[in-house]
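Inspection log for the structure reproduced underneath, given as structure tokens.
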Amino acid sequence: MATIQPVVLFFVFGVLAGVIKSDLKIPEALYKSLSLFLLIAIGFKGGVSMAKYEIMEVLPIAGSMVVLAALIPLTAYPILRFIGRFTQADAGAISAHYGSVSAVTFAVGVAFLAAKDEYSEGYMVLIMALMEIPALVTGTILARAGASGEKTQWGKLMHEILTGTSLYLLVAGVIIGYYAGVMDMVAPLDKMFMDLFMGVLAFFLLEMGLLASSRLKAVMSKGVFLIAFGILFPLTAGLFGAYLGWIFGLSEGGSMLLAVLYASCSYIAAPAAMRIAVPDADPAISIGASLGITFPFNIFIGVPIYWEMAHWFHGIAV
Amino acid sequence: MATIQPVVLFFVFGVLAGVIKSDLKIPEALYKSLSLFLLIAIGFKGGVSMAKYEIMEVLPIAGSMVVLAALIPLTAYPILRFIGRFTQADAGAISAHYGSVSAVTFAVGVAFLAAKDEYSEGYMVLIMALMEIPALVTGTILARAGASGEKTQWGKLMHEILTGTSLYLLVAGVIIGYYAGVMDMVAPLDKMFMDLFMGVLAFFLLEMGLLASSRLKAVMSKGVFLIAFGILFPLTAGLFGAYLGWIFGLSEGGSMLLAVLYASCSYIAAPAAMRIAVPDADPAISIGASLGITFPFNIFIGVPIYWEMAHWFHGIAV
Amino acid sequence: MATIQPVVLFFVFGVLAGVIKSDLKIPEALYKSLSLFLLIAIGFKGGVSMAKYEIMEVLPIAGSMVVLAALIPLTAYPILRFIGRFTQADAGAISAHYGSVSAVTFAVGVAFLAAKDEYSEGYMVLIMALMEIPALVTGTILARAGASGEKTQWGKLMHEILTGTSLYLLVAGVIIGYYAGVMDMVAPLDKMFMDLFMGVLAFFLLEMGLLASSRLKAVMSKGVFLIAFGILFPLTAGLFGAYLGWIFGLSEGGSMLLAVLYASCSYIAAPAAMRIAVPDADPAISIGASLGITFPFNIFIGVPIYWEMAHWFHGIAV
Amino acid sequence: MNNTIVMKRFEIVIGIEQLEQLMDLLDECGVRGYTVIKNVGGLGSRGVRDPDDVLTEEENVMVVLACKEEQAQKVVNELRPALKGFGGMCLVSDCLWLEGPAASY
Amino acid sequence: MNNTIVMKRFEIVIGIEQLEQLMDLLDECGVRGYTVIKNVGGLGSRGVRDPDDVLTEEENVMVVLACKEEQAQKVVNELRPALKGFGGMCLVSDCLWLEGPAASY
Amino acid sequence: MNNTIVMKRFEIVIGIEQLEQLMDLLDECGVRGYTVIKNVGGLGSRGVRDPDDVLTEEENVMVVLACKEEQAQKVVNELRPALKGFGGMCLVSDCLWLEGPAASY
Ligand SMILES: Nc1ncnc2c1ncn2[C@@H]1O[C@H](COP(=O)(O)O)[C@@H](O)[C@H]1O
Ligand SMILES: Nc1ncnc2c1ncn2[C@@H]1O[C@H](COP(=O)(O)O)[C@@H](O)[C@H]1O
Ligand SMILES: Nc1ncnc2c1ncn2[C@@H]1O[C@H](COP(=O)(O)O)[C@@H](O)[C@H]1O
Ligand code: NA
Ligand code: NA
Ligand code: NA
């Protein structure tokens with residue numbers, strides 16, 4: 001059975017602080033600093049372990065997984081639009097959020113594997129970084145196709161996606177980590193970017209909890225459909241990810257991380273992109289569902305389930 | 001003989017920077033981030049070592065010590081009111097500050113014990129967290145009993161005390177640390193919350209020094225009584241704490257920490273609570289005495305003395 | 001051959017983020033916190049290794065090197081004034097920047113030596129701290145000698161130089177580190193101030209890259225002279241430093257660090273001092289040259305060259 | 001001046017602890033636009049309030065608000081009794097609203 | 001009042017994403033002085049904008065600007081069409097510039 | 001407007017390095033209330049001043065102050081010579097003080 005990791009308790013105490021109206025507050029500069037740290041550290045760690053692969057072998061597999069990720073918003077959109085009865089703009093924006101990924105959920109998954117001493121492929125990080133692109137582009141197309149009003153600012157949107165802080169720092173971290181790994185010069189940087197990773201994640205989850213609890217009211221008011229979607233959709237997407245990981249011959253850990261990536265959804269990069277691409281969508285809905293429902297579901301319940309899924313597929317293989 | 005620890009020199013350089021009007025400034029966001037860290041880390045460390053106790057054995061002892069802490073403001077009040085001739089509001093507010101505790105003084109005490117390789121009970125942290133409650137309530141009653149003017153906002157005050165950042169994070173840290181200890185999952189979090197503790201404390205003491213030197217003028221203008229009180233009162237309270245620790249069968253280190261708790265006084269949680277409970281008290285006096293006199297006295301002179309006190313009582317036992 | 005250290009790649013990604021107009025931003029509070037950390041940590045580390053010297057032996061050598069550093073602005077000024085045709089104020093201010101030092105360049109030099117496992121004298125840090133004084137004073141005299149307009153505010157300037165954050169924290173770090181070293185109590189503070197040094201430097205270089213790229217336009221517009229000066233002058237000053245280190249009998253590592261100090265130039269302490277001392281100088285020029293040209297030149301190309309210089313002089317000695 | 005509407009400008013300074021109450025009150029008056037500046041300090045009847053002092057944690061906010069004259073008197077009537085409890089200050093002056101952006105007053 | 005010059009005061013609130021455009025526009029009008037306050041929140045036709053919300057990242061800026069009457073009309077003419085796209089608000093009022101500092105208007 | 005007192009409103013923008021001097025000066029004039037906004041940027045005779053630039057460390061402050069007419073002239077007289085040294089700007093305008101809070105003017 002999967003035990004809850006101490007680090008996710010910080011999320012619980014963040015939520016609780018919000019619920020009991022504690023005056024606990026994380027300074028904005030700390031929140032932003034921690035998120036810069038996590039992005040670089042996740043990238044760096046991935047890059048260091050990528051140094052053990054022949055990079056050319058990896059790229060086609062990684063590329064396919066990234067491209068296939070575009071299926072996620074394509075599946076989410078009709079559900080949201082025709083069952084959930086959201087506007088085209090909102091359905092598209094929410095699809096983009098769920099197609100995109102959450103680096104913190106990924107980090108919780110990595111920590112879960114570390115606690116189990118399970119191996120996973122380092123290049124999953126690169127997949128995570130690149131998955132933003134098809135998700136946000138597809139989401140935007142869905143939100144705006146045939147819609148009247150101002151023209152989509154594609155130039156501005158692609159610039160935002162490609163140079164946005166998340167993708168940029170993840171890729172920068174991967175490259176520096178890869179270089180350090182190849183040159184065997186990881187040594188003094190690991191004290192910061194590896195040893196402190198969990199501690200920083202703890203702080204960040206505390207703040208995530210505060211943020212999630214401040215979003216809950218907005219989600220609840222949207223009714224039971226959004227809550228059901230926020231739980232069932234990631235489960236489905238996770239199953240697809242675990243299956244794909246198995247098909248592509250990833251390790252059990254790698255398949256589980258792919259499931260986590262497919263199941264997780266964005267609350268940082270996607271809102272920034274949708275602000276530009278789909279300004280008429282209501283961010284309260286998409287951020288609320290993503291951070292208020294799916295994020296906590298994933299880190300507490302989803303991650304162990306995705307592990308079981310990956311395990312199950314790999315059992316078939318035997 | 002007790003040697004001064006390097007970490008407290010940071011306090012000295014903070015004071016000095018203020019005195020020579022250096023342009024050294026600690027960003028507010030850093031100050032707040034460090035204080036969040038220290039509270040969580042102190043709690044976490046205590047929680048981890050509490051995992052070794054039967055929690056039900058500990059609670060009655062801890063409870064008694066917390067309740068007995070209400071004696072501190074009850075003793076301080078008449079001295080301040082009738083010898084010091086402070087107003088009822090100020091006397092009550094200062095009593096609340098001196099009944100309450102300083103987590104940083106406690107941390108310096110823990111570091112002192114660590115340098116001596118002396119054992120102490122982990123649950124002292126829990127006592128520290130809970131001691132706020134009787135101190136602030138008693139102080140408020142003293143400040144307002146029979147006073148005319150607006151009614152005390154008891155609801156708001158109790159909410160502030162019970163959900164205030166200090167108590168909340170200490171307790172959260174204790175619970176998470178306890179859980180991590182029991183599940184044997186302390187490992188990756190200790191790199192942050194244990195290994196970096198002293199370094200963070202160093203930075204925090206630098207800022208404390210800056211703050212203390214900015215408060216000195218306000219205290220000095222209140223004359224020699226407040227200075228004498230700020231030194232003699234903690235000595236007496238510390239003696240009481242060391243005695244109580246011995247009576248209750250704590251270790252020497254534990255008795256010394258109880259002395260530190262009884263002797264130390266608050267400059268973060270108490271001001272926040274008194275702002276709500278006793279708005280007509282002048283915070284310059286209570287914060288000035290607490291941070292400008294008692295805090296430096298305790299970390300440089302008090303801590304080694306409280307150690308000697310604990311040592312002396314335990315000598316009797318032999 | 002010298003390999004590029006992973007840590008300096010952070011600078012590259014900072015510059016690149018600026019160039020491609022990424023929305024990456026380092027919160028101001030983080031930038032300031034990191035710079036406080038680096039100053040204290042550089043001082044602390046130097047202080048710890050100084051604990052192994054007889055301090056009285058060291059002072060005369062260190063003193064001479066500091067005094068000789070006044071030659072740097074005296075050489076730079078006529079070049080800037082009569083070849084570069086800058087105003088008296090600008091020429092003086094730029095001279096002061098180049099006479100002064102960059103703690104981050106020094107840190108990169110120290111990291112370079114650490115990667116090579118080369119020894120260097122700990123008291124180089126003290127020299128760095130003190131070198132500000134003659135450089136800024138000489139630069140101010142050059143900028144204002146015989147100039148009309150308001151009188152130089154010497155009192156205010158000397159106060160700014162002597163109590164400014166950089167010098168103050170470096171010296172505080174040295175003293176605390178020295179004390180910790182002598183008392184053999186370095187232990188818990190090293191987890192912060194030594195182990196994390198490189199990681200913090202990485203973050204700081206990322207921000208330096210962002211800042212440098214925002215300054216490039218201003219420098220480019222000043223034409224080719226300033227660019228040539230920003231590369232050739234530090235090379236000359238570095239050669240002088242390496243020679244001096246050899247003459248004074250420093251180790252190869254120490255000579256190289258002296259070269260780095262002589263070659264590096266300030267973009268934090270000097271701007272602050274010049275704002276007070278030479279308000280009619282244009283900070284865009286001096287900061288631009290210092291941060292936009294000389295700083296990147298030094299960390300990528302200069303540092304390995306200064307090492308070769310020191311190596312070459314020590315080869316003569318054999 | 002062309003293309004402008006005559007309006008009233010309110011400038012309110014209160015402690016941040018009362019901001020929520022003020023916003024509720026403005027909401028009740030039907031106000032549809034205001035601007036909030038936080039992290040403000042000052043001197044008043046309660047002495048100096050300095051948001052940079054990490055120990056005292058006193059912070060003021062400034063709220064600027066433009067509305068039509070009819071609404072202005074309503075705001076004044078509601079605000080006066082509340083401000084008695086809040087402390088702080090409220091200044092009222094004449095101004096012109098430059099037409100162009102969507103009306104939010 | 002003695003030693004003062006009659007002037008117009010502009011108070012503009014827009015989203016920070018349009019600040020650069022506004023500054024270019026003011027530059028073109030020949031404006032030689034303005035003051036910028038960042039990290040501002042508020043309520044308007046686009047709803048609440050709260051700079052403290054780390055997820056939505058909405059931030060307003062307030063720009064205060066004093067200039068002579070002749071210039072004021074020019075600013076109004078240029079600003080109006082731009083503000084239509086920007087949203088936000090612009091208030092204009094009368095004020096006196098206290099002589100003393102170097103003229104920056 | 002009912003329940004209001006006619007007053008003067010000062011709006012001063014200077015560099016933060018002169019704030020202490022300004023506050024001493026206002027103190028000498030017997031001013032009993034003002035509001036201070038820090039972290040302000042702008043353009044003026046000394047060029048652009050941007051508080052977000054960590055290297056140049058230039059920061060302006062805006063001080064808003066309401067007082068009665070008699071006091072206003074006193075403030076003007078004291079402020080003018082000082083502002084010559086300070087740079088920056090000072091605007092004066094008419095306003096109404098909404099009665100209610102404890103008088104701090
Ligand atoms: N009537 C008003 N009074 C004061 N500020 C306003 C007003 N209307 C709009 N604003 C400010 O302008 C910003 C943008 O307005 P809008 O584009 O209408 O959403 C708001 O967030 C407010 O800060
Ligand atoms: N005409 C103006 N309107 C608004 N603010 C101004 C004006 N002139 C100057 N300021 C402000 O005063 C500051 C200092 O002005 P100065 O001393 O002229 O450089 C500038 O950075 C602006 O913030
Ligand atoms: N006459 C005034 N002019 C400008 N601001 C004022 C004035 N009086 C009060 N304030 C502001 O209102 C805040 C609270 O005032 P008070 O409740 O009187 O202490 C002060 O800290 C100032 O920021
Ligand atoms: Na996803
Ligand atoms: Na106490
Ligand atoms: Na130099």
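Naming scheme: A, B, ... for chains in displayed order of the structure tokens; residues 1 onward per chain; ligands 1 onward as shown.
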May I have all residues of range 85-301 of chain C that DSSP, computed from the backbone, assigns to helix (DSSP H, G or I), given as a PyMOL selection string? chain C and resi 88-99+103-116+124-144+154-163+165-183+187-193+197-220+224-247+252-263+269-277+283-301
Quick one: residues within 7 Å of ligand 3, with only C-alpha atoms and all ligand atoms, as a PDB file with N, CA, C and O atoms, in the first residue's frame?
ATOM      1  N   VAL D  13      -7.949  57.232   2.399  1.00  0.00           N
ATOM      2  CA  VAL D  13      -6.816  56.513   3.007  1.00  0.00           C
ATOM      3  C   VAL D  13      -7.288  55.893   4.317  1.00  0.00           C
ATOM      4  O   VAL D  13      -7.776  56.609   5.201  1.00  0.00           O
ATOM      5  N   ILE D  14      -7.184  54.574   4.430  1.00  0.00           N
ATOM      6  CA  ILE D  14      -7.557  53.888   5.673  1.00  0.00           C
ATOM      7  C   ILE D  14      -6.551  52.777   5.961  1.00  0.00           C
ATOM      8  O   ILE D  14      -5.691  52.482   5.133  1.00  0.00           O
ATOM      9  N   GLY D  15      -6.666  52.185   7.126  1.00  0.00           N
ATOM     10  CA  GLY D  15      -5.827  51.028   7.444  1.00  0.00           C
ATOM     11  C   GLY D  15      -6.255  49.820   6.622  1.00  0.00           C
ATOM     12  O   GLY D  15      -7.438  49.661   6.315  1.00  0.00           O
ATOM     13  N   VAL D  40       0.957  51.565   1.792  1.00  0.00           N
ATOM     14  CA  VAL D  40       1.040  53.010   1.946  1.00  0.00           C
ATOM     15  C   VAL D  40       1.259  53.321   3.424  1.00  0.00           C
ATOM     16  O   VAL D  40       0.762  52.616   4.299  1.00  0.00           O
ATOM     17  N   GLY D  41       2.063  54.353   3.697  1.00  0.00           N
ATOM     18  CA  GLY D  41       2.300  54.771   5.083  1.00  0.00           C
ATOM     19  C   GLY D  41       1.780  56.160   5.307  1.00  0.00           C
ATOM     20  O   GLY D  41       1.214  56.767   4.406  1.00  0.00           O
ATOM     21  N   GLY D  42       1.986  56.690   6.494  1.00  0.00           N
ATOM     22  CA  GLY D  42       1.567  58.063   6.713  1.00  0.00           C
ATOM     23  C   GLY D  42       1.522  58.455   8.175  1.00  0.00           C
ATOM     24  O   GLY D  42       1.848  57.664   9.071  1.00  0.00           O
ATOM     25  N   LEU D  43       1.106  59.706   8.361  1.00  0.00           N
ATOM     26  CA  LEU D  43       0.946  60.249   9.709  1.00  0.00           C
ATOM     27  C   LEU D  43      -0.510  60.668   9.849  1.00  0.00           C
ATOM     28  O   LEU D  43      -1.111  61.186   8.902  1.00  0.00           O
ATOM     29  N   GLY D  44      -1.066  60.437  11.007  1.00  0.00           N
ATOM     30  CA  GLY D  44      -2.448  60.853  11.247  1.00  0.00           C
ATOM     31  C   GLY D  44      -2.709  60.927  12.733  1.00  0.00           C
ATOM     32  O   GLY D  44      -1.765  60.984  13.532  1.00  0.00           O
ATOM     33  N   SER D  45      -3.979  60.873  13.107  1.00  0.00           N
ATOM     34  CA  SER D  45      -4.320  61.024  14.522  1.00  0.00           C
ATOM     35  C   SER D  45      -3.801  59.849  15.357  1.00  0.00           C
ATOM     36  O   SER D  45      -3.580  59.977  16.546  1.00  0.00           O
ATOM     37  N   ARG D  46      -3.583  58.694  14.709  1.00  0.00           N
ATOM     38  CA  ARG D  46      -3.040  57.552  15.438  1.00  0.00           C
ATOM     39  C   ARG D  46      -1.518  57.493  15.366  1.00  0.00           C
ATOM     40  O   ARG D  46      -0.916  56.463  15.650  1.00  0.00           O
ATOM     41  N   GLY D  47      -0.891  58.600  14.964  1.00  0.00           N
ATOM     42  CA  GLY D  47       0.563  58.638  14.876  1.00  0.00           C
ATOM     43  C   GLY D  47       1.061  58.084  13.559  1.00  0.00           C
ATOM     44  O   GLY D  47       0.299  57.929  12.610  1.00  0.00           O
ATOM     45  N   VAL D  48       2.360  57.793  13.521  1.00  0.00           N
ATOM     46  CA  VAL D  48       2.997  57.325  12.287  1.00  0.00           C
ATOM     47  C   VAL D  48       2.605  55.884  12.015  1.00  0.00           C
ATOM     48  O   VAL D  48       2.564  55.064  12.927  1.00  0.00           O
ATOM     49  N   ARG D  49       2.299  55.564  10.774  1.00  0.00           N
ATOM     50  CA  ARG D  49       2.066  54.179  10.352  1.00  0.00           C
ATOM     51  C   ARG D  49       3.030  53.867   9.220  1.00  0.00           C
ATOM     52  O   ARG D  49       2.962  54.474   8.166  1.00  0.00           O
ATOM     53  N   ASN D  60      -1.383  51.247   5.499  1.00  0.00           N
ATOM     54  CA  ASN D  60      -2.538  51.953   4.980  1.00  0.00           C
ATOM     55  C   ASN D  60      -2.778  51.562   3.521  1.00  0.00           C
ATOM     56  O   ASN D  60      -1.883  51.044   2.857  1.00  0.00           O
ATOM     57  N   PHE D  86     -13.371  53.931  11.114  1.00  0.00           N
ATOM     58  CA  PHE D  86     -12.132  53.529  10.444  1.00  0.00           C
ATOM     59  C   PHE D  86     -10.942  54.397  10.830  1.00  0.00           C
ATOM     60  O   PHE D  86      -9.816  53.914  10.881  1.00  0.00           O
ATOM     61  N   GLY D  87     -11.184  55.702  11.028  1.00  0.00           N
ATOM     62  CA  GLY D  87     -10.052  56.635  11.035  1.00  0.00           C
ATOM     63  C   GLY D  87      -9.678  56.930   9.601  1.00  0.00           C
ATOM     64  O   GLY D  87     -10.414  56.613   8.653  1.00  0.00           O
ATOM     65  N   GLY D  88      -8.489  57.515   9.398  1.00  0.00           N
ATOM     66  CA  GLY D  88      -8.039  57.813   8.048  1.00  0.00           C
ATOM     67  C   GLY D  88      -8.608  59.107   7.521  1.00  0.00           C
ATOM     68  O   GLY D  88      -8.909  60.027   8.294  1.00  0.00           O
ATOM     69  N   MET D  89      -8.761  59.204   6.228  1.00  0.00           N
ATOM     70  CA  MET D  89      -9.303  60.437   5.644  1.00  0.00           C
ATOM     71  C   MET D  89      -9.979  60.147   4.324  1.00  0.00           C
ATOM     72  O   MET D  89      -9.759  59.116   3.703  1.00  0.00           O
TER      73      MET D  89
ATOM     74  N   ARG F  32      -0.213  67.814  10.540  1.00  0.00           N
ATOM     75  CA  ARG F  32      -0.549  66.706  11.434  1.00  0.00           C
ATOM     76  C   ARG F  32      -1.018  65.447  10.714  1.00  0.00           C
ATOM     77  O   ARG F  32      -1.453  64.498  11.347  1.00  0.00           O
ATOM     78  N   GLY F  33      -0.941  65.481   9.387  1.00  0.00           N
ATOM     79  CA  GLY F  33      -1.338  64.294   8.649  1.00  0.00           C
ATOM     80  C   GLY F  33      -0.768  64.316   7.244  1.00  0.00           C
ATOM     81  O   GLY F  33      -0.717  65.372   6.604  1.00  0.00           O
ATOM     82  N   TYR F  34      -0.260  63.190   6.808  1.00  0.00           N
ATOM     83  CA  TYR F  34       0.133  63.036   5.406  1.00  0.00           C
ATOM     84  C   TYR F  34       0.165  61.557   5.076  1.00  0.00           C
ATOM     85  O   TYR F  34       0.141  60.715   5.982  1.00  0.00           O
ATOM     86  N   THR F  35       0.220  61.250   3.801  1.00  0.00           N
ATOM     87  CA  THR F  35       0.253  59.866   3.332  1.00  0.00           C
ATOM     88  C   THR F  35       1.456  59.702   2.423  1.00  0.00           C
ATOM     89  O   THR F  35       1.736  60.589   1.616  1.00  0.00           O
ATOM     90  N   VAL F  36       2.167  58.600   2.580  1.00  0.00           N
ATOM     91  CA  VAL F  36       3.407  58.387   1.840  1.00  0.00           C
ATOM     92  C   VAL F  36       3.304  57.117   0.990  1.00  0.00           C
ATOM     93  O   VAL F  36       3.001  56.050   1.509  1.00  0.00           O
ATOM     94  N   VAL F  64       1.065  62.739  -0.187  1.00  0.00           N
ATOM     95  CA  VAL F  64      -0.202  63.440  -0.362  1.00  0.00           C
ATOM     96  C   VAL F  64      -0.593  64.017   0.992  1.00  0.00           C
ATOM     97  O   VAL F  64      -0.441  63.345   2.023  1.00  0.00           O
ATOM     98  N   LEU F  65      -1.059  65.226   0.995  1.00  0.00           N
ATOM     99  CA  LEU F  65      -1.262  65.900   2.267  1.00  0.00           C
ATOM    100  C   LEU F  65      -2.424  66.879   2.138  1.00  0.00           C
ATOM    101  O   LEU F  65      -2.476  67.675   1.198  1.00  0.00           O
ATOM    102  N   ALA F  66      -3.373  66.774   3.054  1.00  0.00           N
ATOM    103  CA  ALA F  66      -4.508  67.693   3.047  1.00  0.00           C
ATOM    104  C   ALA F  66      -4.411  68.616   4.259  1.00  0.00           C
ATOM    105  O   ALA F  66      -4.148  68.145   5.376  1.00  0.00           O
ATOM    106  N   CYS F  67      -4.583  69.901   4.042  1.00  0.00           N
ATOM    107  CA  CYS F  67      -4.574  70.811   5.191  1.00  0.00           C
ATOM    108  C   CYS F  67      -5.459  72.016   4.901  1.00  0.00           C
ATOM    109  O   CYS F  67      -5.872  72.255   3.769  1.00  0.00           O
ATOM    110  N   PRO F 101     -13.747  61.045  10.376  1.00  0.00           N
ATOM    111  CA  PRO F 101     -12.614  60.554  11.157  1.00  0.00           C
ATOM    112  C   PRO F 101     -12.057  61.662  12.048  1.00  0.00           C
ATOM    113  O   PRO F 101     -12.295  62.848  11.805  1.00  0.00           O
ATOM    114  N   ALA F 102     -11.308  61.263  13.054  1.00  0.00           N
ATOM    115  CA  ALA F 102     -10.627  62.236  13.911  1.00  0.00           C
ATOM    116  C   ALA F 102      -9.819  63.178  13.053  1.00  0.00           C
ATOM    117  O   ALA F 102      -9.147  62.753  12.118  1.00  0.00           O
ATOM    118  N   ALA F 103      -9.887  64.490  13.361  1.00  0.00           N
ATOM    119  CA  ALA F 103      -9.189  65.480  12.545  1.00  0.00           C
ATOM    120  C   ALA F 103      -7.684  65.244  12.610  1.00  0.00           C
ATOM    121  O   ALA F 103      -7.108  65.206  13.693  1.00  0.00           O
ATOM    122  N   SER F 104      -7.066  65.070  11.455  1.00  0.00           N
ATOM    123  CA  SER F 104      -5.599  64.918  11.412  1.00  0.00           C
ATOM    124  C   SER F 104      -5.084  65.816  10.304  1.00  0.00           C
ATOM    125  O   SER F 104      -4.519  65.363   9.341  1.00  0.00           O
ATOM    126  N   TYR F 105      -5.335  67.129  10.464  1.00  0.00           N
ATOM    127  CA  TYR F 105      -4.906  68.107   9.460  1.00  0.00           C
ATOM    128  C   TYR F 105      -4.483  69.391  10.137  1.00  0.00           C
ATOM    129  O   TYR F 105      -4.605  69.520  11.333  1.00  0.00           O
TER     130      TYR F 105
END
Considering only C-alpha atoms, extract the chain B residues located within 8 Å of chain C and return them as a short mmCIF file (atom, residue, chain, number, x, y, z; two decimals) with N, CA, C and O atoms, in the first residue's frame.
data_model
loop_
_atom_site.label_atom_id
_atom_site.label_comp_id
_atom_site.auth_asym_id
_atom_site.auth_seq_id
_atom_site.Cartn_x
_atom_site.Cartn_y
_atom_site.Cartn_z
N GLN B 5 28.74 31.46 20.67
CA GLN B 5 28.64 30.76 19.40
C GLN B 5 28.77 31.73 18.23
O GLN B 5 28.27 32.84 18.30
N PRO B 6 29.40 31.28 17.15
CA PRO B 6 29.56 32.17 15.99
C PRO B 6 28.24 32.76 15.53
O PRO B 6 28.17 33.93 15.14
N VAL B 7 27.16 31.97 15.62
CA VAL B 7 25.90 32.44 15.05
C VAL B 7 25.40 33.71 15.72
O VAL B 7 24.80 34.57 15.06
N LEU B 9 27.13 36.11 16.73
CA LEU B 9 27.88 37.28 16.26
C LEU B 9 27.13 38.00 15.14
O LEU B 9 27.30 39.20 14.95
N PHE B 10 26.29 37.27 14.43
CA PHE B 10 25.49 37.92 13.39
C PHE B 10 24.58 38.99 14.01
O PHE B 10 24.36 40.04 13.42
N PHE B 13 26.69 42.06 14.57
CA PHE B 13 26.93 42.85 13.37
C PHE B 13 25.66 43.53 12.86
O PHE B 13 25.74 44.56 12.21
N ALA B 17 25.62 47.52 12.48
CA ALA B 17 25.22 48.14 11.22
C ALA B 17 24.22 49.26 11.48
O ALA B 17 24.27 50.32 10.87
N ILE B 20 26.21 52.31 13.22
CA ILE B 20 27.03 53.14 12.33
C ILE B 20 26.25 53.59 11.10
O ILE B 20 26.82 54.14 10.17
N LYS B 21 24.93 53.37 11.13
CA LYS B 21 24.06 53.82 10.03
C LYS B 21 24.52 53.26 8.68
O LYS B 21 24.56 53.98 7.67
N SER B 22 24.88 51.99 8.63
CA SER B 22 25.18 51.34 7.36
C SER B 22 23.90 51.29 6.54
O SER B 22 22.79 51.33 7.08
N ASP B 23 24.03 51.20 5.20
CA ASP B 23 22.82 51.10 4.39
C ASP B 23 22.36 49.64 4.25
O ASP B 23 21.48 49.34 3.45
N LEU B 24 22.96 48.76 5.06
CA LEU B 24 22.54 47.35 5.06
C LEU B 24 21.04 47.24 5.36
O LEU B 24 20.55 47.82 6.32
N ILE B 26 17.77 44.21 5.16
CA ILE B 26 17.29 42.88 4.81
C ILE B 26 15.93 43.08 4.14
O ILE B 26 15.04 43.66 4.75
N PRO B 27 15.73 42.58 2.91
CA PRO B 27 14.42 42.77 2.27
C PRO B 27 13.32 42.17 3.15
O PRO B 27 13.51 41.12 3.76
N GLU B 28 12.21 42.87 3.21
CA GLU B 28 11.09 42.43 4.05
C GLU B 28 10.68 40.99 3.70
O GLU B 28 10.40 40.19 4.59
N ALA B 29 10.66 40.68 2.40
CA ALA B 29 10.24 39.34 1.98
C ALA B 29 11.22 38.29 2.52
O ALA B 29 10.81 37.18 2.88
N LEU B 30 12.51 38.62 2.60
CA LEU B 30 13.48 37.67 3.14
C LEU B 30 13.23 37.47 4.63
O LEU B 30 13.19 36.34 5.13
N ASP B 195 19.64 20.63 8.37
CA ASP B 195 21.01 21.04 8.03
C ASP B 195 21.16 22.55 7.89
O ASP B 195 22.19 23.11 8.24
N LEU B 196 20.15 23.21 7.36
CA LEU B 196 20.28 24.65 7.09
C LEU B 196 19.84 25.51 8.25
O LEU B 196 19.90 26.74 8.18
N MET B 198 20.98 26.42 11.19
CA MET B 198 21.90 27.41 11.76
C MET B 198 22.18 28.54 10.79
O MET B 198 22.28 29.70 11.19
N GLY B 199 22.32 28.22 9.52
CA GLY B 199 22.59 29.25 8.53
C GLY B 199 21.44 30.24 8.43
O GLY B 199 21.64 31.45 8.36
N VAL B 200 20.24 29.72 8.45
CA VAL B 200 19.07 30.59 8.39
C VAL B 200 18.99 31.44 9.66
O VAL B 200 18.71 32.64 9.62
#
Nearby residues (only C-alpha atoms) at most 9 Å from Ile16 in chain E, same-chain spacing under 5 positions excluded, as a PyMOL selection string: chain E and resi 38-39+58-61
Extract, using only C-alpha atoms, all DNA, RNA and protein residues at most 8 Å from range 112-125 of chain B, discarding same-chain residues fewer than 3 positions from it, and format them as a PyMOL selection string. chain B and resi 5+42-43+45-50+58+62+108-109+128-129+170+174+250-254+257-258+303
Write out as number ranges by chain each polymer residue (protein, DNA or RNA) that has an atom no more than 7 Å from ligand 5, with only C-alpha atoms and all ligand atoms counted. B: 98-101, 261-265
Ligand 4 neighbours within 12 Å using only C-alpha atoms and all ligand atoms, as a PyMOL selection string: chain A and resi 65-66+68-76+94-103+105-106+127-136+230+233-241+257-267+270+290+294-295+298
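The smallest atom-to-atom distance between ligand 1 and any of E:Ile12, E:Leu96, E:Met23, E:Leu55, using only C-alpha atoms and all ligand atoms, is found for E:Ile12.
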